Amino acid sequence: MTTFLKIYFIVTGALVVHVMSFNPLLTYNIRFKKIYAKPNITLDYHSIDQYKDAQFINSQITINSKELINKVVGVFYRCDPEGINCEYFQTWKLTDICPKLKDKNQIWSRWYSSFDPPMQCPIDKVHYKIINGTADIGVVLLWYPQATDYQWRVVQNMYADDIFIGSFTIEASFFGYRKKIKSILKL
């Protein structure tokens, strides 16, 4: 019986720690720090704009290549809360990117839906505007609940088969704030 109780308390304790670490009264938004591109992709202009508690990236990018982009490799680095010490986290290799650009409810869906003209295959346009670009926090937290504990550097490398076209880097963190809940009781 004591072994059963020990296992019960260990499992219950672990469950409570994971459930209680998520605070439903906190709402998170992305805070962008830097955005830059190289070598065959240029940021013609960019700004990080804020509306209420949310930040958005507005920019124009130019792809200086006639090659058709058909592969994207995303490299994620997680950094300490100050954004100084960064370590490799994981890599995503997307080789069949055309259908993935159309996928809904993915970590990249909201970002690519902010491109004008729409990012679609074949990716051969030279100029794109990013209008109110951001990521969906809910999808990020489903993917990795501890994401709010770190600052992030995401490097998106673009290729035409094995020819490197360029990279796009975004550095961001999450900002948590208490959500105001309106009382439904009238006093």
# chains A, B, ... in the order shown; residues from 1 in each chain; ligands from 1
$ residues_around --residues "Ile170 (chain A)" --least-positions-apart "2" --cutoff "10 Å" --atoms "only C-alpha atoms" --output "JSON, numbers by chain"
{"A": [32, 33, 34, 35, 36, 37, 152, 153, 154, 155, 156, 168, 172]}
$ closest_residue --among "A:Ile130, A:Ile84, A:Leu43, A:Val75" --to "Pro117 (chain A)" --atoms "only C-alpha atoms"
A:Ile130
$ closest_residue --among "A:Asp96, A:Asp103, A:Asp44, A:Asp136" --to "Phe56 (chain A)" --atoms "only C-alpha atoms"
A:Asp136
$ residues_around --residues "Val139 (chain A)" --least-positions-apart "2" --cutoff "12 Å" --atoms "only C-alpha atoms" --output "PyMOL selection string"
chain A and resi 28+104-110+135-137+141-145+147
$ closest_residue --among "A:Ile163, A:Ile48, A:Ile30, A:Ile41" --to "Tyr150 (chain A)" --atoms "only C-alpha atoms"
A:Ile30
$ residues_around --residues "region 120-122 of chain A" --least-positions-apart "3" --cutoff "8 Å" --atoms "only C-alpha atoms" --output "list in words"
Leu68, Ile69, Asn70, Cys98, Leu101 and Lys102 of chain A
$ residues_around --residues "Gln90 (chain A)" --least-positions-apart "5" --cutoff "9 Å" --atoms "only C-alpha atoms" --output "ChimeraX atom specification"
/A:74-77
$ write_last_selection --atoms "C-alpha atoms" --output "compact mmCIF listing (two decimals), in the first residue's frame"
# COMPACT_ATOMS: atom_id res chain seq x y z
CA GLY A 74 14.33 26.66 -39.73
CA VAL A 75 16.90 26.64 -36.93
CA PHE A 76 15.66 27.52 -33.44
CA TYR A 77 17.95 28.82 -30.71
$ select_by_dssp --residues "region 97-165 of chain A" --states "strand (DSSP E or B)" --output "number ranges by chain"
A: 115-116, 123, 127-133, 151-160, 163-165
$ closest_residue --among "A:Lys66, A:Arg78, A:Lys71, A:His46" --to "Asn132 (chain A)" --atoms "only C-alpha atoms"
A:His46
$ select_by_dssp --residues "region 37-187 of chain A" --states "helix (DSSP H, G or I)" --output "list in words"
Ile97, Cys98, Pro99, Lys100, Leu101, Lys102, Ser109, Arg110, Trp111, Tyr112, Ile137, Gly138, Val139, Val140, Leu141, Leu142, Trp143, Pro145, Gln146, Ala147, Thr148 and Asp149 of chain A
$ write_last_selection --atoms "N, CA and C atoms" --output "tab-separated table (two decimals), in the first residue's frame"
chain	number	residue	atom	x	y	z
A	97	ILE	N	7.51	22.63	-49.42
A	97	ILE	CA	6.96	23.82	-48.76
A	97	ILE	C	5.67	24.34	-49.39
A	98	CYS	N	5.37	24.01	-50.63
A	98	CYS	CA	4.17	24.56	-51.27
A	98	CYS	C	2.89	24.21	-50.53
A	99	PRO	N	2.63	22.94	-50.21
A	99	PRO	CA	1.41	22.66	-49.45
A	99	PRO	C	1.48	23.18	-48.01
A	100	LYS	N	2.66	23.24	-47.47
A	100	LYS	CA	2.81	23.71	-46.08
A	100	LYS	C	2.49	25.19	-45.93
A	101	LEU	N	2.70	25.98	-46.99
A	101	LEU	CA	2.36	27.40	-46.94
A	101	LEU	C	0.85	27.60	-46.83
A	102	LYS	N	0.08	26.61	-47.28
A	102	LYS	CA	-1.38	26.70	-47.23
A	102	LYS	C	-1.97	26.12	-45.95
A	109	SER	N	1.63	29.66	-39.92
A	109	SER	CA	0.46	30.08	-40.69
A	109	SER	C	0.18	31.57	-40.58
A	110	ARG	N	0.16	32.10	-39.37
A	110	ARG	CA	-0.16	33.51	-39.20
A	110	ARG	C	0.93	34.40	-39.79
A	111	TRP	N	2.18	33.98	-39.67
A	111	TRP	CA	3.30	34.75	-40.21
A	111	TRP	C	3.18	34.86	-41.73
A	112	TYR	N	3.02	33.72	-42.42
A	112	TYR	CA	2.98	33.75	-43.88
A	112	TYR	C	1.68	34.31	-44.43
A	137	ILE	N	0.43	32.69	-30.71
A	137	ILE	CA	0.96	32.27	-29.41
A	137	ILE	C	0.37	30.93	-28.98
A	138	GLY	N	-0.91	30.73	-29.23
A	138	GLY	CA	-1.56	29.48	-28.81
A	138	GLY	C	-0.90	28.26	-29.42
A	139	VAL	N	-0.57	28.33	-30.70
A	139	VAL	CA	0.09	27.21	-31.36
A	139	VAL	C	1.48	27.01	-30.80
A	140	VAL	N	2.19	28.11	-30.53
A	140	VAL	CA	3.54	28.02	-29.97
A	140	VAL	C	3.49	27.33	-28.61
A	141	LEU	N	2.55	27.71	-27.75
A	141	LEU	CA	2.46	27.13	-26.42
A	141	LEU	C	2.00	25.68	-26.45
A	142	LEU	N	1.20	25.30	-27.43
A	142	LEU	CA	0.85	23.89	-27.58
A	142	LEU	C	2.08	23.07	-27.99
A	143	TRP	N	2.89	23.66	-28.84
A	143	TRP	CA	4.09	23.00	-29.32
A	143	TRP	C	5.12	22.86	-28.21
A	145	PRO	N	5.24	24.32	-24.22
A	145	PRO	CA	4.69	25.16	-23.15
A	145	PRO	C	5.72	26.02	-22.42
A	146	GLN	N	6.98	25.60	-22.37
A	146	GLN	CA	8.01	26.38	-21.69
A	146	GLN	C	8.61	27.48	-22.57
A	147	ALA	N	8.04	27.71	-23.73
A	147	ALA	CA	8.56	28.73	-24.66
A	147	ALA	C	8.62	30.11	-24.03
A	148	THR	N	7.73	30.39	-23.10
A	148	THR	CA	7.69	31.72	-22.50
A	148	THR	C	8.85	31.96	-21.53
A	149	ASP	N	9.60	30.92	-21.21
A	149	ASP	CA	10.73	31.05	-20.28
A	149	ASP	C	12.00	31.52	-20.97
$ atom_distance --atom1 "CA of Gln60 (chain A)" --atom2 "CA of Tyr45 (chain A)"
5.6 Å
$ closest_residue --among "A:Cys79, A:Ile63, A:Leu94, A:Val72" --to "Tyr128 (chain A)" --atoms "only C-alpha atoms"
A:Ile63
$ atom_distance --atom1 "CA of Ser59 (chain A)" --atom2 "CA of Ile131 (chain A)"
6.9 Å
$ atom_distance --atom1 "CA of Thr169 (chain A)" --atom2 "CA of Phe115 (chain A)"
16.1 Å
$ closest_residue --among "A:Thr134, A:Val73, A:Asp161, A:Pro81" --to "Ile57 (chain A)" --atoms "only C-alpha atoms"
A:Thr134
